[in-house]
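Peer 1: Input: one structure, supplied below.
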Amino acid sequence: MAVMALRSPVTVTPAQADEAGTLATLAAATFPLACPPTVDPADIAAFAATELSAERFTAHLAAPDTAVLLARSGEAEPLGYALLFDRPPADPAIARQVPYSPAVEVSKFYLLPAAHGTGAATAMMEAVLSAARDRGAAGVWLGVNQQNVRAQRFYAKAGFAQIGTKTFRLGAHIHDDFILGRTV
Ligand SMILES: CC(C)(COP(=O)(O)OP(=O)(O)OC[C@H]1O[C@@H](n2cnc3c(N)ncnc32)[C@H](O)[C@@H]1OP(=O)(O)O)[C@@H](O)C(=O)NCCC(=O)NCCS
């Protein structure tokens with residue numbers, strides 16, 4: 001795919017306490033991009049209203065075991081965000097498959113379509129890996145929908161390999177994810 005250009009270099013910085021609303025807007029705009037086309041829009045809307053709300057991001061921004069990063073090009077509105085959890089996987093079935101200790105979860109890694117294919121994802125991943133290193137992680141892991149081939153291709157380029165599988169519940173439906181990971 002041809003690499004498109006952004007007007008200014010991409011910077012990735014920790015989100016500030018007053019940016020929960022910005023994050024919720026960005027999250028609601030980008031979450032559907034990672035879902036298979038068959039997903040019920042009502043399930044996406046319900047997920048955004050609960051899991052991606054400004055209140056939820058306010059809590060993330062205040063949590064010591066959580067990091068939220070925002071990617072920007074120049075002074076413009078953010079292009080994307082990443083959400084990291086610096087804690088062991090809560091689900092024992094996932095914990096058994098994640099070989100790193102300590103491990104950081106890349107819970108969210110999302111860019112607006114205008115930033116796809118521009119290199120912004122590489123800049124955001126470098127910041128994610130750096131943040132994980134700063135927290136003393138041995139490795140990072142994430143779940144990606146098995147139909148989300150574009151994200152899988154990007155993660156492979158970024159050094160991730162499949163380390164397992166898991167499921168993801170959206171409304172009444174169970175979706176199949178790959179678990180990807182890499183050392184940092
Ligand atoms: C995942 C994401 C951050 C990757 O960033 P990106 O800028 O698109 O990544 P890149 O362009 O560097 O790499 C994507 C690769 O997939 C390829 N690709 C794009 N669309 C594709 C498709 N439909 N099927 C297969 N490959 C595809 C690209 O050609 C590129 O490979 P190449 O560099 O070998 O040509 C971005 O696409 C995104 O935010 N997607 C929506 C949200 C999402 O899915 N997040 C991940 C949740 S786990």
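Letters for chains follow the order of the structure tokens (A, B, ...), residue numbers begin at 1 for each chain, and ligand numbers begin at 1 in the order shown.
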Which residues are near Met4 (chain A)? Cut-off 10 Å, only C-alpha atoms, ignore same chain within fewer than 6 positions. Put them as a PyMOL selection string.

Peer 2: chain A and resi 114-119

Peer 1: Write to file, as a PDB file, in the first residue's frame, the residues of the selection just made, with C-alpha atoms.

Peer 2:
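Saved to result28.pdb:
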```pdb
ATOM      1  CA  ALA A 114      -6.700   9.354   7.818  1.00  0.00           C
ATOM      2  CA  ALA A 115      -3.654   8.083   9.712  1.00  0.00           C
ATOM      3  CA  HIS A 116      -3.658   4.557   8.316  1.00  0.00           C
ATOM      4  CA  GLY A 117      -0.715   3.834   6.045  1.00  0.00           C
ATOM      5  CA  THR A 118       1.125   7.006   7.117  1.00  0.00           C
ATOM      6  CA  GLY A 119       3.642   5.580   9.595  1.00  0.00           C
TER       7      GLY A 119
END
```

Peer 1: List all protein, DNA and RNA residues that have any atom at most 10 Å from ligand 1, counting only C-alpha atoms and all ligand atoms, and write the list as a VMD selection string.

Peer 2: chain A and resid 1 to 4 27 29 to 36 79 to 82 106 to 125 142 to 158 177 to 180

Peer 1: List every residue of region 27-85 of chain A that DSSP, applied to the backbone, labels as alpha helix (DSSP H), and write the result as a PyMOL selection string.

Peer 2: chain A and resi 27-30+41-51+54-62

Peer 1: Here is a test: counting only C-alpha atoms, which residue of A:Leu170, A:Ala28, A:Ala131, A:Ala62 is nearest to Ala49 (chain A)?

Peer 2: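 Residue with the minimum atom-to-atom distance to Ala49 (chain A): A:Ala28.
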
Peer 1: Between A:Gly171, A:Gly136, A:Pro102, A:Pro14, single out the one closest to Val39 (chain A), counting only C-alpha atoms.

Peer 2: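 Checking each candidate against Val39 (chain A), we get A:Gly171 as the closest.
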
Peer 1: From a DSSP pass on the backbone, collect the residues of chain A flagged as strand (DSSP E) and hand them back as a count of residues only.

Peer 2: 56

Peer 1: Which value, in Å to one decimal, gives the distance between CA of Leu61 (chain A) and CA of Gly181 (chain A)?

Peer 2: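 So the two atoms, CA of Leu61 (chain A) and CA of Gly181 (chain A), lie 24.2 Å apart.
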
Peer 1: Can you pull out every residue within 9 Å of Pro9 (chain A), counting only C-alpha atoms, but drop anything in the same chain fewer than 2 positions away, and send it as a ChimeraX atom specification?

Peer 2: /A:6-7,11,72-74,120

Peer 1: Got a sec: who's within 7 Å of Ala54 (chain A), counting only C-alpha atoms, leaving out chain neighbours fewer than 2 positions off, as an mmCIF file with C-alpha atoms, in the first residue's frame?

Peer 2:
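Saved the output as selection33.cif:
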```cif
data_model
loop_
_atom_site.group_PDB
_atom_site.id
_atom_site.type_symbol
_atom_site.label_atom_id
_atom_site.label_comp_id
_atom_site.auth_asym_id
_atom_site.auth_seq_id
_atom_site.Cartn_x
_atom_site.Cartn_y
_atom_site.Cartn_z
ATOM 1 C CA ALA A 20 -11.114 11.960 28.683
ATOM 2 C CA GLY A 21 -13.760 13.465 26.393
ATOM 3 C CA ALA A 24 -14.038 8.853 24.254
ATOM 4 C CA LEU A 52 -15.319 3.690 25.907
ATOM 5 C CA ARG A 56 -14.227 5.193 31.814
ATOM 6 C CA PHE A 57 -11.295 7.153 30.357
ATOM 7 C CA THR A 58 -11.291 9.471 33.386
#
```
